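Asks: Have a look at this one before I ask anything.
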Amino acid sequence: MNDTSNTTNAASQSDIPQSVSDFMQHITDLCGGEHARWAENFNAGFANTLTTTVRRHDDGTTFLLTGDIPAMWLRDSSAQFRPYLAVAVDDPELTALITGLVRQQFRFINIDPYANAFNEKPSGATWDPNDQTDSFGPWLWERKYEVDSLCYPIQLAWLLYRNTGTTSHFDDAFVSGIRRILDVFETELDHSNSRYRFFRPNDDPRDSVPNHGAGGPFAVTGMTWSGFRPSDDACVYPYLVPSNMFASVVMGYVQRIFIDVLDDREIAGRAAALQHSIDDGLAHHATIHNAAGNAIYAYEVDGLGNALLMDDSNVPNLMSAPYLGFCEADDPLYLETRNTLLSQENPYYFEGDYAHAIGSPHTPEGYVWPIAMAMQGLTSHDKAEKERILDQLVAADAGTHLMHESFDANDPNSYTRPWFSWANMMFCELVMDYFGIHVKL
């Protein structure tokens with residue numbers, strides 16, 4: 001099932017900043033002979049994002065391809081650049097590149113906060129021209145509303161400030177974009193007040209919001225409604241628990257930015273009210289019980305008593321809660337959830353000769369995701385577990401030295417998406433984590 005889409009280089013090796021080259025050599029030295037394959041894949045992945053996905057614009061903004069799709073996702077682009085923050089602290093050029101991405105993200109949010117992916121130019125290109133939604137425009141590649149698509153740019157904006165001290169991205173477009181995000185999150189506390197609709201006239205229910213794009217039954221819970229998951233698959237139940245966890249965390253970032261840097265108490269107050277509402281909704285509606293009768297987090301709920309026991313590979317997922325900053329990795333409720341998700345109780349947990357890991361309804365049964373494997377390692381305190389996962393990832397690269405979207409747990413030569421920058425950078429982040437190198441939250 002290999003996807004053999006052509007890749008287009010956006011840059012060359014000469015466009016890699018010296019600081020990045022030096023960092024790659026540092027990782028190589030840390031890996032030594034014992035983990036030489038980690039270093040080989042790290043260097044390939046860490047360079048690949050800069051040499052194949054980056055589009056630098058004359059106005060200082062940065063457009064970032066997701067890989068083998070000619071569009072930029074708000075989610076993917078944030079994750080693609082996050083590991084570079086560990087290097088940017090000592091490199092103004094790299095800081096400027098990341099700053100340009102944040103500025104581009106908030107320009108897009110101001111165009112349409114319900115869209116998940118955008119074109120580099122107002123070309124009118126789109127994933128499916130037959131999509132039925134309440135608004136569309138030439139900048140939009142796709143308009144699947146996902147809570148995490150609005151969380152990630154806030155996270156990147158905060159992490160850029162936290163790790164480099166720069167504040168130039170906190171401009172008028174940023175403030176306007178934050179207001180639009182707050183408007184959407186507040187509106188979607190009760191989706192019956194929303195105009196958002198999305199229906200794709202095909203036979204795949206994963207591509208459309210239920211009820212012909214309007215959404216299925218729900219009760220108001222305090223959480224914010226999402227039409228789609230981070231996989232771009234439609235939610236079965238509209239309160240996506242890990243995305244609400246993420247929304248709670250980034251509302252905390254908004255408060256800190258608008259109190260400590262921009263001094264706008266009205267925006268900070270709206271963010272605080274949203275965070276309180278979401279946290280209350282999570283506390284009262286987001287838990288279920290596993291087969292042993294122990295409380296765990298559900299993946300999705302509707303507030304009417306229906307819930308899904310599962311996890312998906314795309315982040316935010318339940319596995320990523322400590323990585324996002326929602327809880328500690330040794331939180332008892334999280335640990336019980338984690339143990340359940342890494343078992344046959346999770347219908348998307350697959351075991352094969354090459355990996356035991358989480359897959360996704362987005363890809364074939366039995367296919368596991370490097371992103372999910374990296375997240376399992378990033379949220380573990382066990383260094384041996386991290387090492388085992390890294391060894392599995394390099395053994396499953398099908399000789400490409402890069403990560404893929406997913407691969408057959410029994411045959412890594414069968415994989416999806418040969419060019420998937422997000423997966424490459426998650427692998428790189430796990431290597432960094434193994435050696436104690438972290439982006440400051």
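Residue numbering restarts at 1 for every chain of the structure tokens, chains are lettered A, B, ... in their displayed order, and ligands are numbered from 1 as they appear.
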Skipping near chain neighbours, those fewer than 3 positions away, what residues fall within 8 Å of stretch 434-436 of chain A using only C-alpha atoms, listed as a PyMOL selection string?

Replies: chain A and resi 30+383+386-387+430-431

Asks: Give me, as a tab-separated table, the closest atom pair and its distance (Å, one decimal) for every residue of stretch 210-231 of chain A within a cut-off of 9 Å of stretch 137-154 of chain A, counting only C-alpha atoms, rows sorted by chain and rising number.

Replies:
residue	atom	partner	partner_atom	distance
A:Thr224	CA	A:Val147	CA	7.8
A:Trp225	CA	A:Val147	CA	7.6
A:Ser226	CA	A:Glu146	CA	5.4
A:Gly227	CA	A:Tyr145	CA	5.5
A:Phe228	CA	A:Glu146	CA	5.0
A:Arg229	CA	A:Glu146	CA	6.0
A:Pro230	CA	A:Asp148	CA	6.7

Asks: Determine, counting only C-alpha atoms, which protein, DNA and RNA residues have an atom within 6 Å of an atom of stretch 56-70 of chain A; residues of the same chain fewer than 5 positions away are not included. Present the result as an NGL selection string.

Replies: :A and (77 or 100-101 or 104 or 419-421)

Asks: For those residues, write all heavy atoms to a file as an mmCIF file, in the first residue's frame.

Replies:
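Output (out25.cif):
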data_model
loop_
_atom_site.group_PDB
_atom_site.id
_atom_site.type_symbol
_atom_site.label_atom_id
_atom_site.label_comp_id
_atom_site.auth_asym_id
_atom_site.auth_seq_id
_atom_site.Cartn_x
_atom_site.Cartn_y
_atom_site.Cartn_z
ATOM 1 N N SER A 77 1.955 21.647 10.790
ATOM 2 C CA SER A 77 3.053 22.608 10.681
ATOM 3 C C SER A 77 3.615 22.947 12.053
ATOM 4 O O SER A 77 4.835 23.114 12.207
ATOM 5 C CB SER A 77 2.591 23.865 9.949
ATOM 6 O OG SER A 77 1.497 24.495 10.607
ATOM 7 N N GLY A 100 7.978 33.282 11.478
ATOM 8 C CA GLY A 100 7.256 33.430 10.219
ATOM 9 C C GLY A 100 6.135 32.419 10.066
ATOM 10 O O GLY A 100 5.095 32.713 9.468
ATOM 11 N N LEU A 101 6.343 31.221 10.609
ATOM 12 C CA LEU A 101 5.283 30.215 10.569
ATOM 13 C C LEU A 101 4.110 30.640 11.454
ATOM 14 O O LEU A 101 2.945 30.540 11.044
ATOM 15 C CB LEU A 101 5.809 28.854 11.008
ATOM 16 C CG LEU A 101 4.750 27.757 11.123
ATOM 17 C CD1 LEU A 101 4.077 27.505 9.782
ATOM 18 C CD2 LEU A 101 5.355 26.462 11.670
ATOM 19 N N GLN A 104 2.114 33.229 9.735
ATOM 20 C CA GLN A 104 1.315 32.668 8.652
ATOM 21 C C GLN A 104 0.105 31.928 9.206
ATOM 22 O O GLN A 104 -1.007 32.021 8.666
ATOM 23 C CB GLN A 104 2.166 31.720 7.813
ATOM 24 C CG GLN A 104 1.457 31.159 6.575
ATOM 25 C CD GLN A 104 1.144 32.244 5.567
ATOM 26 O OE1 GLN A 104 2.023 32.803 4.923
ATOM 27 N NE2 GLN A 104 -0.131 32.567 5.432
ATOM 28 N N TRP A 419 6.259 10.354 2.531
ATOM 29 C CA TRP A 419 6.772 11.692 2.849
ATOM 30 C C TRP A 419 5.804 12.346 3.805
ATOM 31 O O TRP A 419 4.801 12.922 3.407
ATOM 32 C CB TRP A 419 6.926 12.496 1.553
ATOM 33 C CG TRP A 419 7.506 13.867 1.724
ATOM 34 C CD1 TRP A 419 8.319 14.297 2.717
ATOM 35 C CD2 TRP A 419 7.308 14.975 0.848
ATOM 36 N NE1 TRP A 419 8.644 15.616 2.532
ATOM 37 C CE2 TRP A 419 8.048 16.053 1.392
ATOM 38 C CE3 TRP A 419 6.593 15.170 -0.334
ATOM 39 C CZ2 TRP A 419 8.084 17.315 0.774
ATOM 40 C CZ3 TRP A 419 6.633 16.419 -0.940
ATOM 41 C CH2 TRP A 419 7.373 17.470 -0.398
ATOM 42 N N PHE A 420 6.090 12.218 5.101
ATOM 43 C CA PHE A 420 5.179 12.681 6.141
ATOM 44 C C PHE A 420 6.025 13.346 7.217
ATOM 45 O O PHE A 420 6.513 12.715 8.149
ATOM 46 C CB PHE A 420 4.371 11.507 6.684
ATOM 47 C CG PHE A 420 3.232 11.887 7.584
ATOM 48 C CD1 PHE A 420 2.507 13.052 7.394
ATOM 49 C CD2 PHE A 420 2.853 11.051 8.622
ATOM 50 C CE1 PHE A 420 1.447 13.386 8.222
ATOM 51 C CE2 PHE A 420 1.786 11.375 9.453
ATOM 52 C CZ PHE A 420 1.082 12.539 9.249
ATOM 53 N N SER A 421 6.179 14.648 7.094
ATOM 54 C CA SER A 421 7.124 15.390 7.915
ATOM 55 C C SER A 421 6.818 15.306 9.405
ATOM 56 O O SER A 421 7.729 15.239 10.234
ATOM 57 C CB SER A 421 7.141 16.848 7.451
ATOM 58 O OG SER A 421 8.038 17.624 8.201
#

Asks: If you count only C-alpha atoms, which residues fall within 9 Å of stretch 182-185 of chain A, apart from same-chain ones fewer than 2 positions away, as a PyMOL selection string?

Replies: chain A and resi 113-114+147+177-180+187-189+194+223-225+247+267+270-271+274

Asks: Deliver the residues from the most recent selection as a file, using C-alpha atoms, as a CSV table (one decimal), in the first residue's frame.

Replies:
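So the final result, stored in result.csv, reads:
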chain,number,residue,atom,x,y,z
A,113,PRO,CA,-10.9,29.7,12.0
A,114,TYR,CA,-13.0,26.6,11.0
A,147,VAL,CA,-10.4,21.9,17.9
A,177,GLY,CA,-6.7,35.5,15.6
A,178,ILE,CA,-6.9,34.8,19.4
A,179,ARG,CA,-10.2,36.7,19.5
A,180,ARG,CA,-11.5,34.6,16.6
A,187,THR,CA,-19.8,29.3,20.2
A,188,GLU,CA,-19.1,25.6,20.1
A,189,LEU,CA,-19.8,25.2,23.8
A,194,SER,CA,-23.2,27.4,15.4
A,223,MET,CA,-16.5,21.1,26.7
A,224,THR,CA,-16.2,22.6,23.2
A,225,TRP,CA,-17.6,20.7,20.2
A,247,ALA,CA,-7.8,23.4,24.6
A,267,ILE,CA,-9.0,38.4,26.5
A,270,ARG,CA,-12.4,35.0,28.4
A,271,ALA,CA,-9.6,32.4,28.2
A,274,LEU,CA,-13.2,28.8,28.8

Asks: Which of stretch 211-291 of chain A counts as strand (DSSP E) under DSSP, as a ChimeraX atom specification please?

Replies: /A:239-240,287-289

Asks: Could those selected residues go to a file with all heavy atoms, as a short mmCIF file (atom, residue, chain, number, x, y, z; two decimals), in the first residue's frame?

Replies:
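The resulting file, again08.cif, is reproduced below:
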data_model
loop_
_atom_site.label_atom_id
_atom_site.label_comp_id
_atom_site.auth_asym_id
_atom_site.auth_seq_id
_atom_site.Cartn_x
_atom_site.Cartn_y
_atom_site.Cartn_z
N TYR A 239 -17.69 15.56 21.55
CA TYR A 239 -16.75 16.11 22.52
C TYR A 239 -15.52 15.21 22.54
O TYR A 239 -15.51 14.14 23.16
CB TYR A 239 -17.39 16.21 23.91
CG TYR A 239 -18.57 17.15 23.92
CD1 TYR A 239 -19.85 16.70 24.21
CD2 TYR A 239 -18.40 18.50 23.62
CE1 TYR A 239 -20.94 17.56 24.21
CE2 TYR A 239 -19.48 19.37 23.62
CZ TYR A 239 -20.75 18.90 23.90
OH TYR A 239 -21.82 19.76 23.90
N LEU A 240 -14.51 15.64 21.83
CA LEU A 240 -13.26 14.90 21.67
C LEU A 240 -12.39 15.20 22.89
O LEU A 240 -11.85 16.30 23.03
CB LEU A 240 -12.59 15.31 20.37
CG LEU A 240 -11.31 14.62 19.96
CD1 LEU A 240 -11.45 13.12 19.94
CD2 LEU A 240 -10.87 15.12 18.58
N THR A 287 -14.94 10.62 31.76
CA THR A 287 -14.41 9.34 32.23
C THR A 287 -15.46 8.23 32.10
O THR A 287 -16.66 8.45 32.20
CB THR A 287 -13.96 9.43 33.70
OG1 THR A 287 -15.04 9.90 34.52
CG2 THR A 287 -12.77 10.35 33.84
N ILE A 288 -14.93 7.03 31.85
CA ILE A 288 -15.73 5.81 31.77
C ILE A 288 -14.98 4.75 32.57
O ILE A 288 -14.02 5.06 33.27
CB ILE A 288 -15.93 5.36 30.30
CG1 ILE A 288 -14.57 5.23 29.59
CG2 ILE A 288 -16.83 6.34 29.56
CD1 ILE A 288 -14.68 4.69 28.17
N HIS A 289 -15.38 3.48 32.45
CA HIS A 289 -14.69 2.41 33.17
C HIS A 289 -14.22 1.35 32.18
O HIS A 289 -14.89 1.06 31.19
CB HIS A 289 -15.62 1.79 34.21
CG HIS A 289 -15.92 2.72 35.34
ND1 HIS A 289 -16.97 3.61 35.31
CD2 HIS A 289 -15.28 2.91 36.54
CE1 HIS A 289 -16.97 4.31 36.43
NE2 HIS A 289 -15.97 3.90 37.20
#

Asks: Find the residues near A:Asp171: any atom within 12 Å, counting only C-alpha atoms, skip ones fewer than 2 places away on the same chain, and give them as a PyMOL selection string.

Replies: chain A and resi 99-100+102-104+106-107+157+166-169+173-178+257-258+261-262

Asks: List every residue of stretch 197-380 of chain A that DSSP, applied to the backbone of this structure, places in helix (DSSP H, G or I), and write the result as a PyMOL selection string.

Replies: chain A and resi 205-207+241-261+265-285+318-324+332-341+370-378

Asks: Please identify all polymer residues within 12 Å of A:His26, counting only C-alpha atoms, omitting same-chain residues fewer than 5 positions from it, and present them as a JSON list (two decimals) with C-alpha atoms, in the first residue's frame.

Replies:
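Dumped to selection-v1.json:
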[["chain", "number", "residue", "atom", "x", "y", "z"],
["A", 19, "SER", "CA", 23.06, 25.62, 14.22],
["A", 20, "VAL", "CA", 20.92, 22.75, 12.92],
["A", 21, "SER", "CA", 23.91, 21.04, 11.33],
["A", 31, "CYS", "CA", 24.22, 8.13, 19.71],
["A", 32, "GLY", "CA", 27.74, 6.85, 19.13],
["A", 39, "ALA", "CA", 21.54, 9.02, 14.34],
["A", 42, "PHE", "CA", 17.50, 11.49, 13.06],
["A", 43, "ASN", "CA", 19.71, 13.37, 10.64],
["A", 87, "VAL", "CA", 18.00, 24.85, 18.68],
["A", 431, "VAL", "CA", 15.62, 10.77, 20.17],
["A", 432, "MET", "CA", 16.14, 14.19, 21.76],
["A", 435, "PHE", "CA", 19.19, 12.17, 25.65],
["A", 437, "ILE", "CA", 16.95, 17.43, 25.39]]

Asks: Just give me the gap between atom CA of A:Ser192 and atom CA of A:Leu304 in Å, one decimal is fine.

Replies: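 Calculated distance between atom CA of A:Ser192 and atom CA of A:Leu304 is 15.2 Å.
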
Asks: Tell me, in Å to one decimal, how far atom CA of A:Phe23 is from atom CA of A:Ala86.

Replies: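 Atom CA of A:Ala86 lies at a distance of 9.4 Å from atom CA of A:Phe23.
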
Asks: Show me, as number ranges by chain, the residues that have an atom within 7 Å of A:His404 when counting only C-alpha atoms, minus same-chain residues fewer than 2 positions from it.

Replies: A: 370, 402, 406, 415-420, 423
